[in-house]
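Source file data-v9.txt; content: compact mmCIF, C-alpha atoms and all ligand atoms.
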# COMPACT_ATOMS: atom_id res chain seq x y z
CA MET A 209 -19.84 -94.59 -10.74
CA SER A 210 -16.59 -96.17 -11.84
CA THR A 211 -16.05 -98.98 -14.30
CA SER A 212 -13.05 -100.14 -12.26
CA GLN A 213 -15.52 -101.44 -9.68
CA THR A 214 -17.10 -104.90 -9.82
CA PRO A 215 -20.36 -104.66 -11.75
CA VAL A 216 -23.49 -105.12 -9.68
CA LEU A 217 -24.93 -107.14 -12.52
CA SER A 218 -23.10 -108.54 -15.51
CA ALA A 219 -23.61 -111.00 -18.32
CA ARG A 220 -21.14 -112.69 -20.64
CA GLY A 221 -21.89 -114.46 -23.87
CA ILE A 222 -25.58 -114.96 -23.32
CA VAL A 223 -27.51 -116.72 -26.05
CA LYS A 224 -31.27 -116.99 -26.34
CA ASN A 225 -32.91 -118.76 -29.24
CA TYR A 226 -36.62 -118.82 -29.97
CA GLY A 227 -36.79 -121.72 -32.37
CA ARG A 228 -34.76 -120.55 -35.34
CA VAL A 229 -34.69 -116.92 -34.23
CA THR A 230 -31.61 -115.89 -32.28
CA ALA A 231 -32.76 -113.09 -29.99
CA LEU A 232 -29.47 -112.91 -28.06
CA ASP A 233 -26.26 -113.80 -29.82
CA HIS A 234 -23.45 -113.94 -27.25
CA ALA A 235 -24.51 -110.71 -25.59
CA ASP A 236 -22.51 -108.99 -22.84
CA PHE A 237 -23.83 -106.58 -20.27
CA ASP A 238 -22.46 -104.62 -17.30
CA LEU A 239 -24.22 -102.45 -14.76
CA TYR A 240 -22.00 -100.61 -12.27
CA PRO A 241 -22.85 -99.38 -8.76
CA GLY A 242 -24.82 -96.16 -8.59
CA GLU A 243 -25.30 -95.64 -12.31
CA ILE A 244 -28.18 -95.23 -14.69
CA LEU A 245 -27.38 -97.43 -17.67
CA ALA A 246 -29.62 -96.88 -20.67
CA VAL A 247 -30.11 -99.76 -23.10
CA ILE A 248 -30.98 -98.64 -26.60
CA GLY A 249 -31.41 -100.51 -29.87
CA ASP A 250 -33.56 -100.79 -32.95
CA ASN A 251 -36.82 -102.75 -32.91
CA GLY A 252 -36.03 -106.43 -32.63
CA ALA A 253 -32.41 -105.84 -31.55
CA GLY A 254 -32.97 -108.00 -28.49
CA LYS A 255 -33.34 -105.44 -25.69
CA SER A 256 -36.40 -107.10 -24.14
CA SER A 257 -34.79 -110.50 -24.45
CA LEU A 258 -31.72 -109.19 -22.63
CA ILE A 259 -33.82 -107.76 -19.83
CA LYS A 260 -35.90 -110.91 -19.59
CA ALA A 261 -32.74 -113.00 -19.38
CA ILE A 262 -31.21 -110.97 -16.55
CA SER A 263 -34.49 -110.72 -14.65
CA GLY A 264 -35.32 -114.42 -14.77
CA ALA A 265 -38.28 -114.12 -17.13
CA VAL A 266 -36.64 -116.36 -19.75
CA SER A 267 -33.99 -119.02 -19.32
CA ILE A 268 -30.85 -118.61 -21.40
CA ASP A 269 -29.36 -121.23 -23.68
CA GLU A 270 -25.74 -120.25 -23.09
CA GLY A 271 -23.67 -117.77 -21.14
CA GLU A 272 -23.27 -116.51 -17.63
CA ILE A 273 -24.96 -113.93 -15.45
CA ARG A 274 -23.35 -112.59 -12.27
CA LEU A 275 -24.89 -110.60 -9.45
CA ASN A 276 -22.27 -108.84 -7.30
CA GLY A 277 -19.66 -111.09 -8.85
CA GLU A 278 -21.46 -114.35 -8.02
CA PRO A 279 -22.82 -116.54 -10.82
CA VAL A 280 -26.62 -116.77 -10.73
CA ARG A 281 -29.13 -118.74 -12.74
CA PHE A 282 -32.72 -117.64 -12.27
CA THR A 283 -35.54 -119.88 -13.33
CA SER A 284 -38.33 -117.43 -12.53
CA PRO A 285 -38.84 -113.67 -12.16
CA MET A 286 -39.68 -114.30 -8.50
CA GLN A 287 -36.22 -115.76 -7.91
CA ALA A 288 -34.56 -112.75 -9.52
CA ARG A 289 -36.74 -110.44 -7.45
CA ASP A 290 -35.85 -112.27 -4.25
CA ALA A 291 -32.18 -111.84 -5.18
CA GLY A 292 -32.76 -108.08 -5.52
CA ILE A 293 -33.45 -107.55 -9.23
CA GLU A 294 -36.69 -105.66 -9.52
CA THR A 295 -38.18 -105.14 -12.97
CA VAL A 296 -40.94 -102.71 -13.88
CA TYR A 297 -42.34 -103.68 -17.26
CA GLN A 298 -43.91 -101.38 -19.78
CA ASN A 299 -47.33 -102.92 -19.15
CA LEU A 300 -46.70 -102.68 -15.39
CA ALA A 301 -47.10 -105.66 -13.17
CA LEU A 302 -49.66 -103.86 -11.05
CA SER A 303 -53.12 -105.16 -10.28
CA PRO A 304 -55.52 -102.35 -11.27
CA ALA A 305 -58.34 -103.32 -8.94
CA LEU A 306 -56.14 -103.52 -5.85
CA SER A 307 -55.17 -100.54 -3.72
CA ILE A 308 -51.80 -98.80 -3.86
CA ALA A 309 -50.73 -100.39 -0.58
CA ASP A 310 -51.86 -103.85 -1.69
CA ASN A 311 -49.95 -103.44 -4.94
CA MET A 312 -46.80 -102.38 -3.16
CA PHE A 313 -46.92 -105.49 -1.01
CA LEU A 314 -48.11 -107.91 -3.65
CA GLY A 315 -46.29 -111.18 -3.01
CA ARG A 316 -44.57 -109.70 0.06
CA GLU A 317 -47.52 -109.14 2.38
CA ILE A 318 -46.82 -108.40 6.01
CA ARG A 319 -48.67 -110.73 8.38
CA LYS A 320 -49.90 -109.77 11.81
CA PRO A 321 -47.46 -110.65 14.56
CA GLY A 322 -47.86 -113.85 16.57
CA PHE A 323 -50.58 -116.45 16.25
CA MET A 324 -52.95 -114.39 14.08
CA GLY A 325 -50.38 -113.86 11.39
CA LYS A 326 -48.56 -117.15 11.59
CA TYR A 327 -51.53 -119.49 11.76
CA LEU A 328 -54.49 -117.44 10.58
CA ARG A 329 -52.38 -115.71 7.87
CA MET A 330 -53.97 -112.39 8.79
CA LEU A 331 -52.49 -109.36 7.03
CA ASP A 332 -51.18 -106.40 8.95
CA ARG A 333 -52.92 -103.75 6.84
CA THR A 334 -52.06 -100.90 9.20
CA ALA A 335 -48.35 -101.67 8.90
CA MET A 336 -48.54 -102.09 5.13
CA GLU A 337 -50.38 -98.82 4.65
CA ARG A 338 -47.98 -96.97 6.94
CA ILE A 339 -44.92 -98.28 5.07
CA ALA A 340 -46.53 -97.60 1.68
CA ARG A 341 -47.33 -94.03 2.71
CA ASP A 342 -43.80 -93.49 4.08
CA LYS A 343 -42.18 -94.83 0.92
CA LEU A 344 -44.33 -92.77 -1.40
CA SER A 345 -43.78 -89.57 0.55
CA GLU A 346 -40.03 -90.27 0.75
CA LEU A 347 -40.01 -90.34 -3.04
CA GLY A 348 -42.15 -87.22 -3.29
CA LEU A 349 -45.16 -89.13 -4.59
CA MET A 350 -47.67 -87.95 -2.07
CA THR A 351 -49.79 -86.25 -4.65
CA ILE A 352 -51.49 -89.58 -4.22
CA GLN A 353 -54.05 -88.74 -1.56
CA ASN A 354 -55.36 -92.05 -0.48
CA ILE A 355 -53.26 -95.12 -0.06
CA GLY A 356 -56.42 -97.26 -0.17
CA GLN A 357 -57.23 -95.90 -3.65
CA ALA A 358 -57.40 -98.51 -6.41
CA VAL A 359 -54.49 -98.32 -8.84
CA GLU A 360 -56.89 -98.13 -11.80
CA THR A 361 -57.93 -94.68 -10.62
CA LEU A 362 -54.36 -93.33 -10.82
CA SER A 363 -52.78 -91.48 -13.73
CA GLY A 364 -50.13 -93.22 -15.84
CA GLY A 365 -47.33 -91.32 -14.13
CA GLN A 366 -48.66 -92.13 -10.68
CA ARG A 367 -48.89 -95.81 -11.57
CA GLN A 368 -45.31 -95.81 -12.78
CA GLY A 369 -44.44 -94.04 -9.52
CA VAL A 370 -46.08 -96.76 -7.43
CA ALA A 371 -44.22 -99.44 -9.36
CA VAL A 372 -40.89 -97.67 -8.91
CA ALA A 373 -41.61 -96.99 -5.23
CA ARG A 374 -42.39 -100.65 -4.75
CA ALA A 375 -39.03 -101.57 -6.22
CA ALA A 376 -37.22 -98.94 -4.20
CA ALA A 377 -39.00 -99.91 -1.00
CA PHE A 378 -37.73 -103.43 -0.74
CA GLY A 379 -34.00 -102.94 -0.68
CA SER A 380 -33.56 -104.08 -4.26
CA LYS A 381 -30.02 -104.15 -5.61
CA VAL A 382 -31.00 -103.32 -9.18
CA LEU A 383 -34.00 -101.62 -10.72
CA ILE A 384 -34.86 -102.37 -14.34
CA LEU A 385 -37.31 -100.03 -16.07
CA ASP A 386 -38.70 -101.01 -19.45
CA GLU A 387 -39.90 -97.93 -21.37
CA PRO A 388 -41.12 -96.12 -18.24
CA THR A 389 -42.15 -92.97 -20.10
CA ALA A 390 -43.52 -94.53 -23.29
CA ALA A 391 -47.17 -94.14 -22.41
CA LEU A 392 -46.88 -90.85 -20.56
CA GLY A 393 -47.48 -87.21 -21.36
CA VAL A 394 -44.77 -84.55 -21.09
CA LYS A 395 -45.49 -83.56 -17.49
CA GLU A 396 -45.83 -87.10 -16.24
CA SER A 397 -42.66 -88.17 -18.06
CA ARG A 398 -40.81 -85.37 -16.31
CA LYS A 399 -41.95 -86.61 -12.92
CA VAL A 400 -40.92 -90.16 -13.70
CA LEU A 401 -37.47 -88.99 -14.91
CA GLU A 402 -37.05 -87.05 -11.67
CA LEU A 403 -38.08 -90.11 -9.72
CA ILE A 404 -35.52 -92.25 -11.55
CA GLN A 405 -32.77 -89.74 -10.72
CA ASP A 406 -33.95 -89.65 -7.15
CA VAL A 407 -33.74 -93.43 -6.89
CA ARG A 408 -30.19 -93.30 -8.29
CA SER A 409 -29.23 -90.68 -5.73
CA ARG A 410 -30.25 -93.19 -3.09
CA GLY A 411 -27.56 -95.47 -4.45
CA MET A 412 -29.62 -97.90 -6.48
CA PRO A 413 -28.31 -98.66 -9.96
CA ILE A 414 -30.90 -98.53 -12.70
CA VAL A 415 -31.23 -100.10 -16.14
CA LEU A 416 -33.39 -97.95 -18.38
CA ILE A 417 -34.67 -99.38 -21.65
CA SER A 418 -35.98 -96.57 -23.80
CA HIS A 419 -36.50 -95.46 -27.37
CA ASN A 420 -36.72 -91.86 -26.24
CA MET A 421 -33.31 -90.37 -27.01
CA PRO A 422 -33.81 -87.02 -25.22
CA HIS A 423 -34.83 -88.91 -22.06
CA VAL A 424 -31.90 -91.30 -22.40
CA PHE A 425 -29.40 -88.49 -22.92
CA GLU A 426 -30.87 -86.53 -20.05
CA VAL A 427 -30.54 -89.15 -17.33
CA ALA A 428 -28.12 -91.91 -18.39
CA ASP A 429 -24.55 -92.14 -17.13
CA ARG A 430 -23.66 -94.65 -19.86
CA ILE A 431 -25.54 -95.97 -22.88
CA HIS A 432 -25.40 -99.63 -23.90
CA VAL A 433 -26.11 -99.89 -27.64
CA HIS A 434 -27.68 -103.22 -28.54
CA ARG A 435 -27.62 -104.40 -32.14
CA LEU A 436 -28.39 -107.75 -33.77
CA GLY A 437 -28.67 -109.60 -30.46
CA LYS A 438 -25.53 -108.31 -28.82
CA ARG A 439 -23.88 -105.32 -27.19
CA LEU A 440 -22.36 -103.30 -30.00
CA CYS A 441 -20.67 -100.72 -27.77
CA VAL A 442 -21.17 -98.48 -24.76
CA ILE A 443 -21.24 -94.75 -25.32
CA ASP A 444 -20.86 -91.76 -23.06
CA PRO A 445 -23.80 -89.35 -23.37
CA LYS A 446 -21.51 -86.48 -22.40
CA THR A 447 -19.34 -86.94 -25.50
CA ALA A 448 -21.57 -88.75 -28.02
CA SER A 449 -24.48 -87.11 -29.80
CA MET A 450 -28.02 -88.40 -30.26
CA ASN A 451 -27.25 -88.68 -33.97
CA ASP A 452 -24.29 -90.95 -33.19
CA ALA A 453 -26.49 -93.10 -30.97
CA VAL A 454 -29.14 -93.53 -33.66
CA ALA A 455 -26.50 -94.18 -36.35
CA LEU A 456 -24.93 -96.89 -34.20
CA MET A 457 -28.33 -98.46 -33.44
CA THR A 458 -29.30 -98.65 -37.08
CA GLY A 459 -25.89 -99.66 -38.42
CA ALA A 460 -25.33 -96.39 -40.32
CA LYS A 461 -22.15 -96.02 -38.27
CA THR A 462 -19.86 -98.52 -36.62
CA PRO A 463 -18.26 -97.76 -33.24
CA GLU A 464 -15.01 -97.10 -35.14
CA THR A 465 -16.50 -94.57 -37.58
CA ALA A 466 -18.50 -92.92 -34.78
CA MET A 467 -15.27 -92.55 -32.76
CA GLN A 468 -13.44 -91.02 -35.71
CA ALA A 469 -16.20 -88.50 -36.14
CA ALA A 470 -16.14 -87.58 -32.44
N1 LIG B 1 -41.35 -115.26 -27.44
C1 LIG B 1 -40.75 -115.13 -28.62
N2 LIG B 1 -40.92 -116.05 -29.59
C2 LIG B 1 -40.31 -115.95 -30.78
N3 LIG B 1 -39.49 -114.94 -31.12
C3 LIG B 1 -39.27 -113.99 -30.21
C4 LIG B 1 -39.89 -114.02 -28.91
N4 LIG B 1 -39.50 -112.94 -28.22
C5 LIG B 1 -38.67 -112.25 -29.03
N5 LIG B 1 -38.53 -112.89 -30.22
C6 LIG B 1 -37.70 -112.43 -31.36
O1 LIG B 1 -36.40 -112.13 -30.87
C7 LIG B 1 -35.89 -110.95 -31.49
C8 LIG B 1 -35.55 -109.92 -30.43
O2 LIG B 1 -36.76 -109.43 -29.83
P1 LIG B 1 -36.81 -108.45 -28.59
O3 LIG B 1 -38.24 -108.31 -28.21
O4 LIG B 1 -35.86 -108.89 -27.55
O5 LIG B 1 -36.29 -107.10 -29.26
P2 LIG B 1 -36.39 -105.59 -28.73
O6 LIG B 1 -35.07 -104.98 -29.01
O7 LIG B 1 -36.86 -105.56 -27.34
O8 LIG B 1 -37.46 -104.98 -29.71
P3 LIG B 1 -38.53 -103.77 -29.50
O9 LIG B 1 -37.72 -102.52 -29.38
O10 LIG B 1 -39.29 -103.81 -30.77
O11 LIG B 1 -39.33 -104.09 -28.30
C9 LIG B 1 -36.96 -110.50 -32.49
O12 LIG B 1 -36.60 -111.01 -33.74
C10 LIG B 1 -38.22 -111.14 -31.97
O13 LIG B 1 -39.10 -111.40 -33.02
Mind turning the file's structure into structure tokens?
Amino acid sequence: MSTSQTPVLSARGIVKNYGRVTALDHADFDLYPGEILAVIGDNGAGKSSLIKAISGAVSIDEGEIRLNGEPVRFTSPMQARDAGIETVYQNLALSPALSIADNMFLGREIRKPGFMGKYLRMLDRTAMERIARDKLSELGLMTIQNIGQAVETLSGGQRQGVAVARAAAFGSKVLILDEPTAALGVKESRKVLELIQDVRSRGMPIVLISHNMPHVFEVADRIHVHRLGKRLCVIDPKTASMNDAVALMTGAKTPETAMQAA
């Protein structure tokens, strides 16, 4: 990771108002190739709004978003996903009653070749199950026994795993994870953190929104501190402390005073 490279995803001066509430107030953002960028901030700082803006879930009032240097303007999450920005939300966009394979291919189903697929819209289940199995085992998630198993029967960590595998499976350019460990136990969190690092080692940059400072400091290459609707600063987890991060988030320290203390 090097900040001299062109960011994979960047934003400049983005503004998002909800009526009289300004959720994003000229916010900037940069994600570089191959990095895990954590986004931290107090409740209401605008982290979700930032993620929604760069993943097409809300339209922005002002500002610019660039993907690989090219300006983009998404009007739906589907558009952002097609462009390679895959977002896994806290409440997971998985369908509990569907199988793992069906979930992985939701909205991207493979049709049977030839007439049956093209005109009868028949799904190629064998191919989908094979690819789903391959992807899960590639990511070390084959504790899941049966690819036909409904997602509602999986543990929280396994569900998160399926969602991440889905993102990793489709050649996404960017993976955004919103509080991936929030609902998980210690063991499951560990697995998900390993999975995130594994996905990074495959070259995919990741945005990690989290309130969990030990998790953030464990895996992030850089930490974007969001405060009052904008990026306050970016800190290096190798030189900054968790106390600094929390002080910056809450306004107890400014980037200048935190630097002096360092
Ligand atoms: N749909 C909405 N309608 C009105 N106000 C909203 C909406 N979404 C967010 N806001 C407001 O925008 C501000 C930023 O909210 P946002 O959810 O982006 O913060 P956050 O940093 O993700 O917070 P948290 O850590 O609590 O999830 C808050 O004041 C919030 O009340």
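With all atoms listed in the file as the atoms that count, the residue of A:Ile417, A:Leu401, A:Val382, A:Ile222 with the shortest distance to ligand LIG 1 (chain B) is A:Ile417.
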Here CA of Lys320 in chain A and CA of Asp290 in chain A stand apart by 21.5 Å
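Our summary of the geometry notes that CA of Asp233 in chain A is positioned 7.4 Å from CA of Gly221 in chain A.
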Point out the residue among A:Asp386, A:Asp310, A:Glu396, A:Glu464 with the least atom-to-atom distance to ligand LIG 1 (chain B), counting only C-alpha atoms and all ligand atoms.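 Closest residue, counting only C-alpha atoms and all ligand atoms: A:Asp386.
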Step by step, measure atom-to-atom distances between ligand LIG 1 (chain B) and each residue using all atoms listed in the file, keep those at most 6 Å, then write them as a list in words. Tyr226, Ala231, Gly249, Asp250, Asn251, Gly252, Ala253, Gly254, Lys255, Ser256 and Ser257 of chain A
Do you have the CA of Ile339 in chain A-CA of Arg289 in chain A distance handy?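 The value is 19.3 Å.
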My list of candidates is A:Ala377, A:His419, A:Ile268, A:Ser363. Which is closest to Leu392 in chain A when distances are computed with only C-alpha atoms?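 Answer, going by the shortest atom-to-atom distance: A:Ser363.
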Within 12 Å of (-30.8, -90.9, -8.9), all atoms listed in the file: residues as a CSV table (one decimal) with C-alpha atoms, keeping the file's coordinate frame?
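Listing of out_23.csv after writing:
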chain,number,residue,atom,x,y,z
A,209,MET,CA,-19.8,-94.6,-10.7
A,241,PRO,CA,-22.8,-99.4,-8.8
A,242,GLY,CA,-24.8,-96.2,-8.6
A,243,GLU,CA,-25.3,-95.6,-12.3
A,244,ILE,CA,-28.2,-95.2,-14.7
A,245,LEU,CA,-27.4,-97.4,-17.7
A,347,LEU,CA,-40.0,-90.3,-3.0
A,376,ALA,CA,-37.2,-98.9,-4.2
A,383,LEU,CA,-34.0,-101.6,-10.7
A,400,VAL,CA,-40.9,-90.2,-13.7
A,401,LEU,CA,-37.5,-89.0,-14.9
A,402,GLU,CA,-37.0,-87.0,-11.7
A,403,LEU,CA,-38.1,-90.1,-9.7
A,404,ILE,CA,-35.5,-92.2,-11.6
A,405,GLN,CA,-32.8,-89.7,-10.7
A,406,ASP,CA,-34.0,-89.6,-7.2
A,407,VAL,CA,-33.7,-93.4,-6.9
A,408,ARG,CA,-30.2,-93.3,-8.3
A,409,SER,CA,-29.2,-90.7,-5.7
A,410,ARG,CA,-30.2,-93.2,-3.1
A,411,GLY,CA,-27.6,-95.5,-4.4
A,412,MET,CA,-29.6,-97.9,-6.5
A,413,PRO,CA,-28.3,-98.7,-10.0
A,414,ILE,CA,-30.9,-98.5,-12.7
A,415,VAL,CA,-31.2,-100.1,-16.1
A,426,GLU,CA,-30.9,-86.5,-20.0
A,427,VAL,CA,-30.5,-89.2,-17.3
A,428,ALA,CA,-28.1,-91.9,-18.4
A,429,ASP,CA,-24.6,-92.1,-17.1
I need the residue nearest Ser307 in chain A from this list: A:Val442, A:Leu362, A:Ala453, A:Ala265. Use only C-alpha atoms for the distance.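 Among the listed residues, the smallest separation from Ser307 in chain A belongs to A:Leu362.
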Considering all atoms listed in the file, return as a ChimeraX atom specification whatever protein or nucleic-acid residues lie within 9 Å of Gly365 in chain A, sequence-local ones (same chain, fewer than 4 positions apart) excluded. /A:369-370,388-389,391-393,395-397,399-400
Tell me which of A:Val372, A:Ala335, A:Ile384, A:Met457 sits closest to Ser263 in chain A, counting all atoms listed in the file. A:Ile384
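Residue nearest Lys381 in chain A within the list A:Ala288, A:Leu232, A:Ile248, A:Ile443: A:Ala288 [criterion: smallest interatomic distance, all atoms listed in the file].
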Near Pro321 in chain A, counting only C-alpha atoms, which residues have an atom at most 12 Å away, once you skip same-chain residues fewer than 5 positions from it, shown as an MDAnalysis selection string? chainID A and resid 326:333 335
Provide an axis-aligned box for all listed atoms of range 215-228 of chain A, padding each side by 4 Å; report its centre and its edge lengths in Å to one decimal, as AutoDock Vina command-line options.
--center_x -28.6 --center_y -113.2 --center_z -22.5 --size_x 24.4 --size_y 25.1 --size_z 33.7
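For Leu385 in chain A, the residues within 10 Å (counting all atoms listed in the file, excluding itself and residues fewer than 6 positions away along the chain) are A:Ala246, A:Ile259, A:Glu294, A:Thr295, A:Val296, A:Tyr297, A:Gln298, A:Leu300, A:Gln368, A:Ala371, A:Val372, A:Ile404, A:Ile414, A:Val415, A:Leu416, A:Ile417, A:Ser418.
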Hey, can you spit out that residue selection with C-alpha atoms as a PDB file, keeping the file's coordinate frame?
ATOM      1  CA  ALA A 246     -29.620 -96.880 -20.670  1.00  0.00           C
ATOM      2  CA  ILE A 259     -33.820-107.760 -19.830  1.00  0.00           C
ATOM      3  CA  GLU A 294     -36.690-105.660  -9.520  1.00  0.00           C
ATOM      4  CA  THR A 295     -38.180-105.140 -12.970  1.00  0.00           C
ATOM      5  CA  VAL A 296     -40.940-102.710 -13.880  1.00  0.00           C
ATOM      6  CA  TYR A 297     -42.340-103.680 -17.260  1.00  0.00           C
ATOM      7  CA  GLN A 298     -43.910-101.380 -19.780  1.00  0.00           C
ATOM      8  CA  LEU A 300     -46.700-102.680 -15.390  1.00  0.00           C
ATOM      9  CA  GLN A 368     -45.310 -95.810 -12.780  1.00  0.00           C
ATOM     10  CA  ALA A 371     -44.220 -99.440  -9.360  1.00  0.00           C
ATOM     11  CA  VAL A 372     -40.890 -97.670  -8.910  1.00  0.00           C
ATOM     12  CA  ILE A 404     -35.520 -92.250 -11.550  1.00  0.00           C
ATOM     13  CA  ILE A 414     -30.900 -98.530 -12.700  1.00  0.00           C
ATOM     14  CA  VAL A 415     -31.230-100.100 -16.140  1.00  0.00           C
ATOM     15  CA  LEU A 416     -33.390 -97.950 -18.380  1.00  0.00           C
ATOM     16  CA  ILE A 417     -34.670 -99.380 -21.650  1.00  0.00           C
ATOM     17  CA  SER A 418     -35.980 -96.570 -23.800  1.00  0.00           C
TER      18      SER A 418
END
Starting from the block above, write range 454-465 of chain A out to a file with N, CA and C atoms, as a PDB file, in the first residue's frame, please.
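out-v8.pdb, freshly written:
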ATOM      1  N   VAL A 454      -9.589   7.425  20.184  1.00  0.00           N
ATOM      2  CA  VAL A 454     -10.849   7.755  20.860  1.00  0.00           C
ATOM      3  C   VAL A 454     -10.903   9.250  21.169  1.00  0.00           C
ATOM      4  N   ALA A 455      -9.773   9.831  21.576  1.00  0.00           N
ATOM      5  CA  ALA A 455      -9.731  11.268  21.886  1.00  0.00           C
ATOM      6  C   ALA A 455     -10.018  12.097  20.631  1.00  0.00           C
ATOM      7  N   LEU A 456      -9.520  11.658  19.508  1.00  0.00           N
ATOM      8  CA  LEU A 456      -9.777  12.377  18.250  1.00  0.00           C
ATOM      9  C   LEU A 456     -11.256  12.270  17.856  1.00  0.00           C
ATOM     10  N   MET A 457     -11.789  11.057  18.002  1.00  0.00           N
ATOM     11  CA  MET A 457     -13.198  10.794  17.659  1.00  0.00           C
ATOM     12  C   MET A 457     -14.148  11.672  18.448  1.00  0.00           C
ATOM     13  N   THR A 458     -13.820  11.817  19.741  1.00  0.00           N
ATOM     14  CA  THR A 458     -14.751  12.510  20.632  1.00  0.00           C
ATOM     15  C   THR A 458     -14.453  14.005  20.733  1.00  0.00           C
ATOM     16  N   GLY A 459     -13.352  14.441  20.150  1.00  0.00           N
ATOM     17  CA  GLY A 459     -13.013  15.865  20.195  1.00  0.00           C
ATOM     18  C   GLY A 459     -12.181  16.236  21.410  1.00  0.00           C
ATOM     19  N   ALA A 460     -11.780  15.248  22.232  1.00  0.00           N
ATOM     20  CA  ALA A 460     -10.940  15.546  23.398  1.00  0.00           C
ATOM     21  C   ALA A 460      -9.548  15.983  22.951  1.00  0.00           C
ATOM     22  N   LYS A 461      -9.152  15.512  21.757  1.00  0.00           N
ATOM     23  CA  LYS A 461      -7.880  15.969  21.178  1.00  0.00           C
ATOM     24  C   LYS A 461      -8.132  16.404  19.745  1.00  0.00           C
ATOM     25  N   THR A 462      -7.309  17.326  19.276  1.00  0.00           N
ATOM     26  CA  THR A 462      -7.338  17.678  17.856  1.00  0.00           C
ATOM     27  C   THR A 462      -6.164  16.948  17.211  1.00  0.00           C
ATOM     28  N   PRO A 463      -6.152  16.837  15.877  1.00  0.00           N
ATOM     29  CA  PRO A 463      -5.011  16.169  15.249  1.00  0.00           C
ATOM     30  C   PRO A 463      -3.688  16.823  15.656  1.00  0.00           C
ATOM     31  N   GLU A 464      -3.709  18.142  15.859  1.00  0.00           N
ATOM     32  CA  GLU A 464      -2.465  18.847  16.243  1.00  0.00           C
ATOM     33  C   GLU A 464      -2.015  18.419  17.642  1.00  0.00           C
ATOM     34  N   THR A 465      -2.942  18.426  18.616  1.00  0.00           N
ATOM     35  CA  THR A 465      -2.529  18.064  19.976  1.00  0.00           C
ATOM     36  C   THR A 465      -2.168  16.576  20.050  1.00  0.00           C
TER      37      THR A 465
END
